[in-house]
Amino acid sequence: MPPLLRIENVVVQFGGVTAVNNASFSVEPGRITGLIGPNGAGKTTCFNVISGLQKPTQGRVEFLGHNVTHTAVHRRARRGIGRTFQRLEAFGSLNVRDNVRVAMDIRGGFRGALRRTTQDADLLLERVGILDYADDAADSIPTGTARLLELARALACEPKLLLLDEPSSGLDETETEIFGELLRELASEGTAILMVEHDMDLVMNVCHEIHVLDFGSIIASGTPAEVRANPVVQKAYLGYSDDATTELEPVKP
Amino acid sequence: MDALLAYTVTGIFTGAAYAIAASGLVLTYSTTRVFNVAHGALGMLMAFVFWDFSVRQGLPSWLAFVLVVFVVAPLIGVFVQRVLARGLGEAPVGVGLVVTVGIFVGVIGLAQQIWPPAARPLNQFFNQSGTHIGSLFVTWHQILTIALSGVVAVGLYFLLTRTRVGASMRASVDNPELLQLYGGRPDVVAALAWAIGTSLAALAGILLAPIVGLDYYSLTLLVINAYAAAMLGKLKNLPLTFVGAMGLGLIQAYAVGYLPSDAAFSGLRAVVPTLFLFAVIVLMPQAQLRIGQVKGIVSAPVASLGRSVSFGGVLVFAVAVAVVFLSNSNILLLGTAATYAIVMLSLVLLTGYGGHVSLAQFSFAGVGALAYAKLDSPNLLGLLLAAVIAAFIGALVALPVLRLTGLYLALSTLAFGQLMDKLVFQDSHAFGFNGTLTAGRLSVLGIRFTDTGSYVVLMSIFFVLVAILLLALRRGQLGRVLVAMRDSQAGCATLGLDVRWLRVGLFAASAGIAGFAGALFAGLRGTIGAQDFQFFSSLLLVLVAVVWGVTSVTGAALGGMFLMLLPVLQSDNPSIAGLAFAVVGFGAVALGRDSNGLANRLFVIGRFLRDQAFEVVRSMPDLRGDQDLDAEPDLASDEREVTDHAAAASH
């Protein structure tokens with residue numbers, strides 16, 4: 001039985017810069033995997049490669065045992081890869097409910113024109129906890145809320161693999177806790193979650209497994225406890241994670 | 001052999017001039033992500049300034065040349081980048097196109113206003129003198145052009161590889177944010193790129209003007225040849241751009257020399273760059289989806305079905321009353337306005353809802369008109385068939401760019417418009433060279449609308465029907481998805497939507513509506529020709545649509561009236577004909593960033609007036625309690641504003 005997602009020796013180069021350098025890892029159903037590392041380490045680029053928005057210079061992406069390295073973005077989505085974005089990609093001029101309805105429209109292939117999607121959409125909004133914003137324009141809601149909206153939108157397509165790019169930034173402590181619960185719940189339903197996240201408490205609490213990226217390479221992998229104890233990781237990343245200013249620049253090991 | 005050599009030299013000369021122009025285009029596009037449709041227009045303007053300095057004011061040619069290329073052009077380039085095109089790189093592709101098309105039309109208007117049409121001979125440098133290479137006579141002007149293209153190539157190479165600012169330029173091609181992060185100065189880079197880019201446009205314009213003539217349009221449209229060359233390098237690669245330019249120049253020269261000289265091929269020669277462009281597009285590799293949502297678009301209000309029907313009824317009634325009182329020629333003008341308004345509805349669908357730009361809607365209208373006239377069955381079936389044929393052609397235009405980004409779709413419509421103008425419409429199987437076709441008035445269910453007045457009322461009914469259809473679509477599932485696609489392509493794709501095919505469908509539907517309008521226009525006028533569907537009108541159409549509001553059917557109605565009045569105004573006041581273009585062009589530059597346009601401002605005024613009326617009615621102190629609503633946070637009041645706009649929407 002192949003893993004749900006496997007990326008093998010992925011390399012991405014922009015001009016002279018290597019954003020992802022020979023990264024390999026896999027993701028299993030029902031598990032939450034964390035992808036951490038300093039800014040500019042190549043986490044979002046990894047997500048773009050997995051979802052198909054970025055062609056890798058080298059390497060291979062497999063989903064459900066199929067090679068999807070050259071598969072179009074929308075086909076991967078239909079096979080079950082859903083994602084959210086670090087820099088938001090909400091449909092700003094639609095309201096929050098319609099954002100989710102669009103996802104349902106696309107998922108239903110326009111056949112369900114007469115289906116009542118409003119209630120389904122509201123159920124999803126309630127699940128991620130933003131039903132109060134249903135009638136607001138997506139442009140006008142707070143960032144944290146918009147991230148949850150992107151989650152709801154992705155969930156509307158019932159993904160097998162969910163890529164979450166910094167989903168908790170913009171949420172306060174309580175909201176983050178509730179959000180962590182939601183992630184566990186989704187995982188227990190069988191959804192695989194791959195998450196880029198800077199909130200170390202959240203990562204350490206909910207992830208089953210963590211990969212640490214630095215300068216495009218995976219420098220460590222393991223359970224939260226293992227990663228926390230890894231001296232290389234401490235030096236490259238964790239030691240600085242509380243200091244917001246150093247996060248802006250990659251720290252050389 | 002001598003002939004071959006002669007054509008080769010001509011080809012290299014033309015290619016050298018294209019290379020100069022194209023490298024300027026590449027420089028500005030790659031550093032600021034703004035595709036400057038007006039690049040050729042700026043070159044044309046500079047050629048006129050050069051003529052003014054050297055011929056009218058009598059400065060020595062070399063001094064005029066230095067002043068224009070090294071002083072005036074860079075200053076104008078920086079002005080355009082800083083003032084007119086500011087922030088367009090981050091804006092949706094459609095906005096950048098509209099604004100630069102605005103500059104394009106505005107600059108043409110400006111040139112016409114400052115230098116009214118007249119014969120302005122411009123000598124080649126060194127007065128046609130030259131030298132013999134073997135048995136072949138080559139002018140010094142040609143040699144100078146070829147040498148200058150070499151200087152430009154070497155100069156750009158050194159700038160980009162050996163200087164710090166050049167390195168910043170290259171970095172901003174790859175990743176502008178990274179550049180900023182590492183301490184580069186994107187604003188300096190952008191200004192410098194536009195200064196050099198405009199200088200290169202000026203250089204190309206000045207070198208080509210003695211050959212192609214000092215003409216507003218032919219110099220301006222050289223931009224199409226330039227970007228056809230630049231596309232070989234995906235608008236980013238300078239060496240490939242030079243290769244493309246030389247290749248294009250040579251192909252053009254050989255086409256002149258070796259294609260049979262009968263009439264059928266004369267049009268073909270004129271569209272060699274267009275065909276080259278389509279060939280390059282088909283061969284281009286798959287583009288990656290643009291990541292990055294479009295922000296800050298406030299949707300224009302969408303009226304409910306009841307409202308659209310009642311306002312539509314009012315409009316038709318008003319037209320019916322008007323045709324009773326208007327003279328026959330004015331009724332024809334009203335019908336023309338209705339045609340333009342329906343063509344604008346096609347842009348409401350494509351640009352307003354879908355966020356894509358077409359610069360050839362009148363060409364599609366022409367296809368519809370041509371089909372209607374050729375089918376010669378003036379009934380609803382013939383009308384619909386004409387629309388379907390136009391839609392089919394629209395799909396054909398959109399298909400080659402299926403794998404590419406929206407910018408290329410717009411650029412290929414520009415090329416398509418040229419192709420129709422110069423080759424297809426003038427063909428003897430179409431309207432013929434300076435020819436016309438006749439078309440019958442439409443009959444609906446056996447009733448023939450021979451009277452012009454009743455025909456125009458019928459046209460207004462069709463306008464209302466199409467408008468109601470569009471609004472229904474916008475309110476529904478498909479409309480929602482269209483808006484989503486406009487706001488974030490990456491978002492839509494990661495939800496499983498094939499944005500490429502939806503775009504083809506959208507484009508075809510829009511072309512179909514334009515064709516429908518064209519067919520109605522053919523019935524209105526009875527005789528139609530190629531000059532009714534000129535490519536330049538399509539540019540004006542886009543600008544006027546955006547100025548009046550391309551997101552609402554109200555904007556389309558008002559824009560249609562305005563576009564009809566524009567030539568009337570110009571022929572009544574020939575002295576300000578150029579100024580009128582300049583106003584439309586620069587008006588679109590000013591308003592292009594808000595595609596809701598003037599119509600939306602009218603909705604706001606309408607709401608304000610209604611509120612004032614309410615104020616008077618409820619001046620009773622008891623009813624003041626309602627005012628508490630104003631104490632709510634901004635968000636809620638904004639939202640109310642939107643719903644109120646919807647209530648004020650009219651058609």
# chains A, B, ... in the order shown; residues from 1 in each chain; ligands from 1
$ residues_around --residues "Leu565 in chain B" --least-positions-apart "5" --cutoff "9 Å" --atoms "only C-alpha atoms" --output "ChimeraX atom specification"
/B:333,337,560,570
$ write_last_selection --atoms "C-alpha atoms" --output "PDB file, in the first residue's frame"
ATOM      1  CA  LEU B 333     -27.844  57.169 -34.469  1.00  0.00           C
ATOM      2  CA  ALA B 337     -25.990  53.489 -29.857  1.00  0.00           C
ATOM      3  CA  GLY B 560     -23.141  52.877 -25.936  1.00  0.00           C
ATOM      4  CA  GLN B 570     -15.756  65.054 -33.592  1.00  0.00           C
TER       5      GLN B 570
END
$ interface_residues --of "chain A" --to "chain B" --cutoff "8 Å" --atoms "only C-alpha atoms" --output "count of residues only"
36
$ residues_around --residues "Trp501 in chain B" --least-positions-apart "5" --cutoff "12 Å" --atoms "only C-alpha atoms" --output "number ranges by chain"
A: 74; B: 395, 398-404, 485, 493, 506-508
$ write_last_selection --atoms "N, CA and C atoms" --output "short mmCIF file (atom, residue, chain, number, x, y, z; two decimals), in the first residue's frame"
data_model
loop_
_atom_site.label_atom_id
_atom_site.label_comp_id
_atom_site.auth_asym_id
_atom_site.auth_seq_id
_atom_site.Cartn_x
_atom_site.Cartn_y
_atom_site.Cartn_z
N HIS A 74 -6.03 21.61 -11.37
CA HIS A 74 -7.42 21.27 -11.09
C HIS A 74 -7.65 19.76 -11.05
N ALA B 395 -14.00 31.37 -30.01
CA ALA B 395 -13.36 30.20 -29.41
C ALA B 395 -12.05 29.89 -30.11
N ALA B 398 -9.44 32.12 -28.77
CA ALA B 398 -9.06 31.84 -27.39
C ALA B 398 -8.31 30.52 -27.25
N LEU B 399 -8.55 29.60 -28.17
CA LEU B 399 -7.95 28.26 -28.03
C LEU B 399 -6.41 28.23 -28.05
N PRO B 400 -5.77 28.94 -29.00
CA PRO B 400 -4.30 28.86 -29.01
C PRO B 400 -3.68 29.34 -27.71
N VAL B 401 -4.36 30.27 -27.00
CA VAL B 401 -3.77 30.80 -25.77
C VAL B 401 -4.29 30.05 -24.55
N LEU B 402 -4.92 28.91 -24.80
CA LEU B 402 -5.49 28.11 -23.71
C LEU B 402 -4.49 27.89 -22.58
N ARG B 403 -3.25 27.59 -22.96
CA ARG B 403 -2.27 27.21 -21.97
C ARG B 403 -1.55 28.41 -21.37
N LEU B 404 -1.87 29.61 -21.87
CA LEU B 404 -1.12 30.79 -21.45
C LEU B 404 -1.97 31.69 -20.56
N MET B 485 -13.32 33.27 -10.30
CA MET B 485 -12.19 33.09 -11.19
C MET B 485 -11.45 34.41 -11.39
N ALA B 493 -8.48 27.04 -9.20
CA ALA B 493 -7.85 25.82 -9.71
C ALA B 493 -7.65 24.81 -8.59
N LEU B 506 -16.17 31.47 -21.87
CA LEU B 506 -16.54 32.85 -21.58
C LEU B 506 -16.23 33.75 -22.76
N PHE B 507 -15.04 33.55 -23.32
CA PHE B 507 -14.61 34.38 -24.44
C PHE B 507 -15.52 34.16 -25.65
N ALA B 508 -15.87 32.90 -25.90
CA ALA B 508 -16.75 32.58 -27.03
C ALA B 508 -18.12 33.22 -26.83
#
$ residues_around --residues "Ala146 in chain A" --least-positions-apart "4" --cutoff "12 Å" --atoms "only C-alpha atoms" --output "PyMOL selection string"
chain A and resi 84-92+95-97+99-100+125+128-131+133-134+136-142+150-153+166-171
$ residues_around --residues "Asn225 in chain B" --least-positions-apart "4" --cutoff "8 Å" --atoms "only C-alpha atoms" --output "list in words"
Tyr18, Leu221, Ala229, Leu248, Pro273 and Thr274 of chain B
$ write_last_selection --atoms "C-alpha atoms" --output "PDB file, in the first residue's frame"
ATOM      1  CA  TYR B  18      11.958  45.923 -34.336  1.00  0.00           C
ATOM      2  CA  LEU B 221       0.877  49.576 -34.467  1.00  0.00           C
ATOM      3  CA  ALA B 229       9.250  39.403 -31.648  1.00  0.00           C
ATOM      4  CA  LEU B 248      10.368  38.671 -38.282  1.00  0.00           C
ATOM      5  CA  PRO B 273       3.729  39.767 -38.008  1.00  0.00           C
ATOM      6  CA  THR B 274       0.297  38.601 -36.850  1.00  0.00           C
TER       7      THR B 274
END
